[in-house]
Each structure stands twice: as C-alpha cells, then as structure tokens.
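Trainee: There's a structure below that I have some questions on.
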Amino acid sequence: MEAWYHSVGVAMILVLTTWMFLKYTWFEPKKMEKSLRAQGLNGSSYRFLFGDLKEMSHMTHQAKSKPMDLKDDIVPRVSPFYLKSVAAFGKIFFMWMGPKPMVHIAEPEMMREILSNYLVFQKSRGGNSLMRMLMKGLLDTEAQQWVKHRKIISPAFHVDKLKYMVPAFYVSCDEMIKKWGAMLIKEHSCEVDVWPYLQTMTNDVISRAVFGNSFEEGRKIFDLQQQLIELILKSAQSMYIPGLRFLPTKSQRKIKDIDRQLKCEVKSIIDTRVAAMKAGDNSNHDLLGFLLNSNYQEIKQDRSRNSGLTTEEIIEECKLFFLAGQETTLNLLVWTMVMLSQHTNWQIRARNEVLQVFGDNEPDFEGLSHLKVVNMIFNEVLRLYPPAINIERKVHKETKLGDIMLAPGTLLKLNILLLHHDREIWGNDVKEFKPERFSEGVSKATNGKLCYLPFGGGPRSCIGQNFAILQSKMVLVMILRQFSFELSPSYSHTPHVVLTLQPQLGAYLILHKH
C-alpha cells in the first residue's frame with residue numbers, strides 16, 4: 001500500500017510538472033498570440049519552446065559569414081531577421097523570444113510614449129542573468145532606486161566636471177599618436193589596424209577618468225572586466241537554459257572568481273578614497289572622486305546612510321563606467337575614421353576646422369565645444385552606426401500602448417538601427433553619409449520627431465553622452481592634426497553586434513603623416 005501511495009505521488013508530481021511546463025511553453029504563448037492577433041497586430045506564429053530564436057541565430061550567422069560592400073546597407077548584415085519581419089509585417093509586429101512574445105517597434109511616436117514613461121515600461125531583466133553582471137548599476141535600477149542613483153551620479157557628468165577630464169583624454173591619445181608616428185619615421189605611409197589601438201587608448205582614458213592617479217590599478221580592473229566580458233559573451237552564445245548558471249562548471253567558476261577579484265580591486269580603491277575624504281582630502285578630480293563626494297553630500301543632507309549608495313552599489317557604478325564609457329567612444333571613433341577614410345572631402349573639412357580653431361595649440365575644453373563640422377560628422381556617424389542598435393523594455397502588468405493591450409511579461413524592442421535607416425523618415429539619401437543633414441542641429445534634421453536615438457531617449461537617456469562626445473572630439477582633433485588616412489585594400493566592411501556595433505574584422509587604414 002505504501003508503494004502504491006508513493007507511485008501515485010510521483011505520478012501526480014510528474015503530471016503537475018508536465019502541465020506547468022506545457023502551460024509556460026505552449027498554452028500561455030498561444031493565448032497571448034491569439035490576443036495580439038485579435039488586436040490587429042501581425043507577427044510570426046509561435047513555435048514550441050524556441051520561438052524565433054533558432055531562425056534569428058541562423059540568419060545572423062549567415063549574414064556575418066561574408067563582408068559587405070561599403071556602399072551597401074548595413075541593416076541586412078546586422079539585423080537580418082528584423083528587416084525580413086518589417087518587410088512582412090510592418091514597423092509594429094510581434095515575434096517570439098522563446099515562449100515570450102516581443103513586440104517590435106520602429107515607429108517614433110510609440111517609441112516616445114515608451115521612453116517617456118519609464119515607471120511603466122521598465123528595463124527587460126530576463127534572459128541570461130550572467131549578462132547582468134556587466135549591466136548593473138544605473139542601467140539596471142528601476143523606479144525610485146533609479147531616481148536615487150541618477151541624482152547621485154549626475155553631478156559627476158556635469159559640464160563643469162567634464163573639464164577636468166580633458167587632460168586625461170589628451171595624455172592617453174598622445175600615447176597612441178606617438179605609436180603611430182613611430183611607424184611613419186622611415187615611410188611616408190603605412191597600413192594600421194586602428195581598432196586595437198583605439199581599444200587600448202579608450203581603455204587608458206576611462207581608467208584615468210574614473211580613477212585618476214590610481215589609473216594603473218584602473219588598468220588592472222579594466223583587464224579583469226575584459227576577461228569577464230569575453231567569458232560571459234561566450235556563455236551567452238549558447239542557447240540559454242534556466243538554472244544553468246547554478247551548475248558549478250569550470251566556466252561558471254571562472255566567471256564568479258574574476259567578478260570577485262574585480263569587485264575586491266574596486267573596493268580597495270574606494271576604501272582608500274573614503275579614508276582620504278574623511279581626513280579632509282577632496283583633491284581627486286575624477287569620476288570616482290565626484291561620485292563619492294556627491295554620495296557623501298546626499299547622506300549628509302538627509303542625515304541617513306540609506307539615502308546614499310552603498311559601497312556595493314558604487315562598485316557596480318564604477319564597473320558600468322568602464323563598460324559604457326569605453327564601448328560608446330570606441331565605436332564612435334572607429335566608424336568615424338572608416339567614414340572619413342571613404343569620404344575624404346569631409347576629412348579635409350574637419351581638418352581645416354581643427355587647424356583654424358586650435359592651430360598648434362593643445363586642444364582645450366572651450367575650443368572642443370566650438371567644432372561645428374566635427375559635430376555634424378559625429379551626428380551622422382551615430383545615425384548610421386549607433387553603438388546600441390536597440391532598446392528593450394518589459395511590462396509587468398497589463399498595459400495599454402497606443403491601441404494595443406499588452407499582457408504582463410510582454411517584451412518590447414525599440415529598433416534604433418531600423419529607425420535611423422528609415423527612408424520614410426530621413427529621405428531617399430538615408431543610406432548615404434551626409435553630415436550636412438545636421439548642419440542646423442539634430443532638432444532641425446529630425447523635424448522634431450523622436451527618430452534619432454544614438455544615446456537612447458527620455459529620462460533614461462545615456463548619462464555619459466557628453467563625456468563620450470568630448471573624448472571623441474579630443475581624439476579626432478589630435479589624429480587629424482598629425483595624419484591623413486584612407487581605407488586600406490585589406491579593409492573588409494563587417495559591422496556586427498557584440499555588446500555594441502563593432503567592425504568584425506578590424507579597421508585597416510593607410511595612415512599618412514600630415
């Protein structure tokens with residue numbers, strides 16, 4: 001009799017488990033699909049368990065298997081599945097990220113509604129949780145936590161604080177310029193893959209900008225973070241299985257070990273700084289110094305330690321400074337050099353402006369803020385090659401968006417790349433590199449529409465965008481004064497997405513001493 005009860009119990013557990021699995025992977029998705037179609041939305045039919053993930057992976061792999069012509073549209077290579085779906089279903093459609101529906105949006109007004117209402121349309125925190133090791137801090141907080149983080153971090157990125165960053169930009173860039181100059185001592189020109197040099201230089205810049213005099217320790221932290229990124233991205237390439245991160249695999253152990261080392265290194269610098277501040281030393285004019293001072297003032301004002309950020313939260317913000325600070329600038333610079341190598345008329349115009357503003361003088365904050373041609377070039381590069389090609393959000397309760405009622409758990413994808421390459425918005429020359437479209441600023445170029453989002457939009461737009469642009473200006477100014485450059489015959493045009501939009505096979509240019 002006892003064995004019978006045991007067998008019945010096991011059978012009931014199996015039946016319940018099977019029912020829960022089928023409910024999550026079939027019945028609920030089909031119910032949501034029926035609801036979306038009833039509201040007039042088109043999209044792909046749900047396929048058991050994997051949804052559209054297999055087709056997306058296959059199409060992306062095929063697209064990345066060969067380079068493209070410089071004159072070709074990058075969208076078919078970078079976002080082949082979305083391009084195909086937009087052609088079939090329009091700018092608003094649904095697709096399937098496994099058993100979860102994702103409503104794809106490339107329509108400006110609906111994007112404005114989502115980005116402006118950050119309390120309802122929150123960050124998507126699903127998927128591979130290992131990726132969240134890289135994306136914590138301000139990027140990962142919501143509601144009042146986000147308000148607190150943003151308030152404390154914002155002072156570090158005020159214009160008056162960014163002025164202190166200019167020497168760090170100059171020193172790091174000067175080291176790269178000298179390396180390139182050494183290659184040209186015997187020859188008038190040489191081939192250089194500028195991608196790894198720009199990586200090293202932006203690494204040094206962010207180490208100096210975040211940690212100031214402690215930038216050698218910053219370099220060590222950056223190296224650990226790069227190792228962590230590589231391991232996590234490698235893990236993310238395989239199909240995600242819930243709970244896999246809890247298995248003690250060699251890769252998982254290594255990821256956790258590096259993350260612990262990274263946090264210990266950052267904590268050591270923070271502890272040293274906090275001790276110095278308590279002793280009356282507030283001389284550190286770097287991002288960490290500004291952040292710690294802002295945090296201290298917040299705690300002092302409210303007379304509550306809970307009103308400030310914890311040491312753990314400050315560590316995560318520093319990690320985010322490193323990741324976002326380097327990736328955004330690096331991508332803007334490499335695609336700017338590629339575009340100016342192809343469009344030498346704009347390279348000449350930018351160089352003439354630089355020489356007119358600075359001559360032989362060291363670039364300063366005031367001069368960098370008056371570079372109109374360089375601004376136009378950067379705006380157009382960011383339109384064609386936005387660092388992040390999409391923004392994801394999620395609704396946690398039944399929510400109305402336009403005329404659509406979204407069920408709890410529905411994912412939203414705002415496709416920046418397709419928006420920036422939309423012929424209906426930008427005109428028939430949308431695929432062409434034409435910085436003059438921004439000659440009267442972004443607002444005039446977009447006719448007031450929310451169709452230009454290289455740094456996101458709404459209250460949660462990128463807090464470090466002025467930092468990235470200022471650094472990029474300094475680097476481009478110094479390069480243009482020393483070198484002219486053109487595409488090498490070795491160059492292959494291979495934009496692809498890792499964390500941001502990068503050149504898959506490097507950026508081989510011919511440098512000439514100017």
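Following the order of the structure tokens, chains are lettered A, B, ..., residues in each are numbered from 1, and ligands are numbered from 1.
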Please identify the strand (DSSP E) residues within stretch 136-276 of chain A (assignment by DSSP from backbone atoms) and present them as a list in words.

Mentor: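 Matching residues for strand (DSSP E) in stretch 136-276 of chain A are Ser189, Cys190, Glu191, Val192 and Asp193 of chain A.
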
Trainee: Give me the residues within 12 Å of A:Phe433 as a PyMOL selection string, counting only C-alpha atoms and dropping any in the same chain fewer than 3 places off.

Mentor: chain A and resi 70-73+335-336+338-346+376-385+421+426+429-430+436-438

Trainee: Go ahead and write the residues just picked, C-alpha atoms, as a compact mmCIF listing (two decimals), in the first residue's frame.

Mentor:
# COMPACT_ATOMS: atom_id res chain seq x y z
CA LEU A 70 30.89 49.84 -48.27
CA LYS A 71 28.02 51.25 -50.32
CA ASP A 72 25.59 48.55 -49.17
CA ASP A 73 23.03 49.00 -46.43
CA TRP A 335 33.28 54.25 -37.55
CA THR A 336 34.18 57.94 -37.83
CA VAL A 338 36.18 54.50 -41.52
CA MET A 339 33.69 57.03 -42.86
CA LEU A 340 36.29 59.81 -43.17
CA SER A 341 38.62 57.37 -44.93
CA GLN A 342 35.93 56.81 -47.52
CA HIS A 343 34.70 60.43 -47.68
CA THR A 344 37.99 62.34 -47.76
CA ASN A 345 36.23 65.63 -48.58
CA TRP A 346 34.73 65.59 -45.08
CA MET A 376 27.94 67.23 -37.86
CA ILE A 377 30.22 64.29 -38.71
CA PHE A 378 29.69 62.64 -35.31
CA ASN A 379 25.91 63.04 -35.56
CA GLU A 380 25.85 61.37 -38.97
CA VAL A 381 28.15 58.54 -37.87
CA LEU A 382 25.93 57.92 -34.84
CA ARG A 383 22.90 57.84 -37.13
CA LEU A 384 24.43 55.27 -39.47
CA TYR A 385 26.30 53.29 -36.79
CA HIS A 421 17.86 53.86 -41.59
CA TRP A 426 15.25 60.52 -43.49
CA ASP A 429 19.54 59.54 -49.28
CA VAL A 430 19.09 57.71 -45.94
CA GLU A 436 25.25 68.27 -43.83
CA ARG A 437 21.82 66.94 -42.83
CA PHE A 438 22.81 68.01 -39.28

Trainee: Would you list the contacts of A:His61 as a list of chain:residue names, taking every protein, DNA or RNA residue within 10 Å and counting only C-alpha atoms, but skipping same-chain residues closer than 6 positions in sequence?

Mentor: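 So, after excluding close chain neighbours, the residues are A:Glu55, A:Arg77, A:Pro80.
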
Trainee: Would you mind exporting N, CA and C atoms of the selected residues as a short mmCIF file (atom, residue, chain, number, x, y, z; two decimals), in the first residue's frame?

Mentor:
data_model
loop_
_atom_site.label_atom_id
_atom_site.label_comp_id
_atom_site.auth_asym_id
_atom_site.auth_seq_id
_atom_site.Cartn_x
_atom_site.Cartn_y
_atom_site.Cartn_z
N GLU A 55 15.73 30.64 -35.86
CA GLU A 55 15.80 31.32 -37.16
C GLU A 55 16.64 32.59 -37.06
N ARG A 77 22.93 42.97 -42.86
CA ARG A 77 24.01 42.20 -42.22
C ARG A 77 23.87 42.18 -40.70
N PRO A 80 19.29 40.97 -39.87
CA PRO A 80 18.57 40.35 -40.99
C PRO A 80 17.16 39.89 -40.64
#

Trainee: Check the smallest atom-to-atom distance from each of A:Val274, A:Met95, A:Met337, A:Ile232 to A:Met32 using only C-alpha atoms, then report the winner.

Mentor: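 Answer, going by the shortest atom-to-atom distance: A:Met95.
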
Trainee: Would you list the contacts of A:Asn415 as an MDAnalysis selection string, taking every protein, DNA or RNA residue within 8 Å and counting only C-alpha atoms, but skipping same-chain residues closer than 3 positions in sequence?

Mentor: chainID A and resid 104:106 389:391 418:419

Trainee: Tell me which protein, DNA and RNA residues are within 10 Å of A:His149, counting only C-alpha atoms, leaving out same-chain ones fewer than 4 positions away, and put them as a PyMOL selection string.

Mentor: chain A and resi 137-139+141-142+144-145+153-154+295+307-309+313-314+317

Trainee: Name the residues in contact with A:Leu371 at a cut-off of 10 Å, using only C-alpha atoms, excluding same-chain residues fewer than 4 positions from it; report them as a VMD selection string.

Mentor: chain A and resid 350 353 to 354 356 to 357 366 to 367 375 to 376 473 477

Trainee: Which residues, written as a list in words, have at least one atom at most 9 Å from A:Leu224, with only C-alpha atoms counted and residues fewer than 3 positions away on the same chain left out?

Mentor: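 Near neighbours after the sequence-gap exclusion: Arg219, Lys220, Ile221, Gln227, Leu228, Ile229, Ile258, Asp259, Gln261 and Leu262 of chain A.
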
Trainee: Could you tell me how far atom CA of A:Phe321 sits from atom CA of A:Pro196, in Å to one decimal place?

Mentor: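 About the pair atom CA of A:Pro196 and atom CA of A:Phe321: they are 20.0 Å apart.
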
Trainee: Would you mind reading off the distance between atom CA of A:Ala468 and atom CA of A:Gly325, one decimal, in Å?

Mentor: 6.7 Å

Trainee: Restricting the calculation to only C-alpha atoms: of A:Arg37, A:Lys151, A:Lys186, A:Lys64, which residue gets closest to A:Arg460?

Mentor: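 Ranking A:Arg37, A:Lys151, A:Lys186, A:Lys64 by distance to A:Arg460, first place goes to A:Lys151.
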
Trainee: Return the single residue from A:Gln326, A:Ser124, A:Gln226, A:Thr500 that is closest to A:Ser207, with distances computed using only C-alpha atoms.

Mentor: A:Gln326

Trainee: Could you give me, as a ChimeraX atom specification, each residue of stretch 137-367 of chain A that DSSP assigns to helix (DSSP H, G or I) when run on this structure's backbone?

Mentor: /A:137-140,143-157,159-183,194-237,244-246,250-278,287-302,305-307,311-342,344-358,365-367

Trainee: Calculate how many Å separate atom CA of A:Glu265 from atom CA of A:Gly464, rounding to one decimal.

Mentor: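 Result for atom CA of A:Glu265 versus atom CA of A:Gly464: 23.2 Å, one decimal.
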
Trainee: From the list A:Gln301, A:Pro459, A:Ile92, A:Pro387, which residue is nearest A:Ala143 when using only C-alpha atoms?

Mentor: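 Of all the options, A:Pro459 lies closest to A:Ala143.
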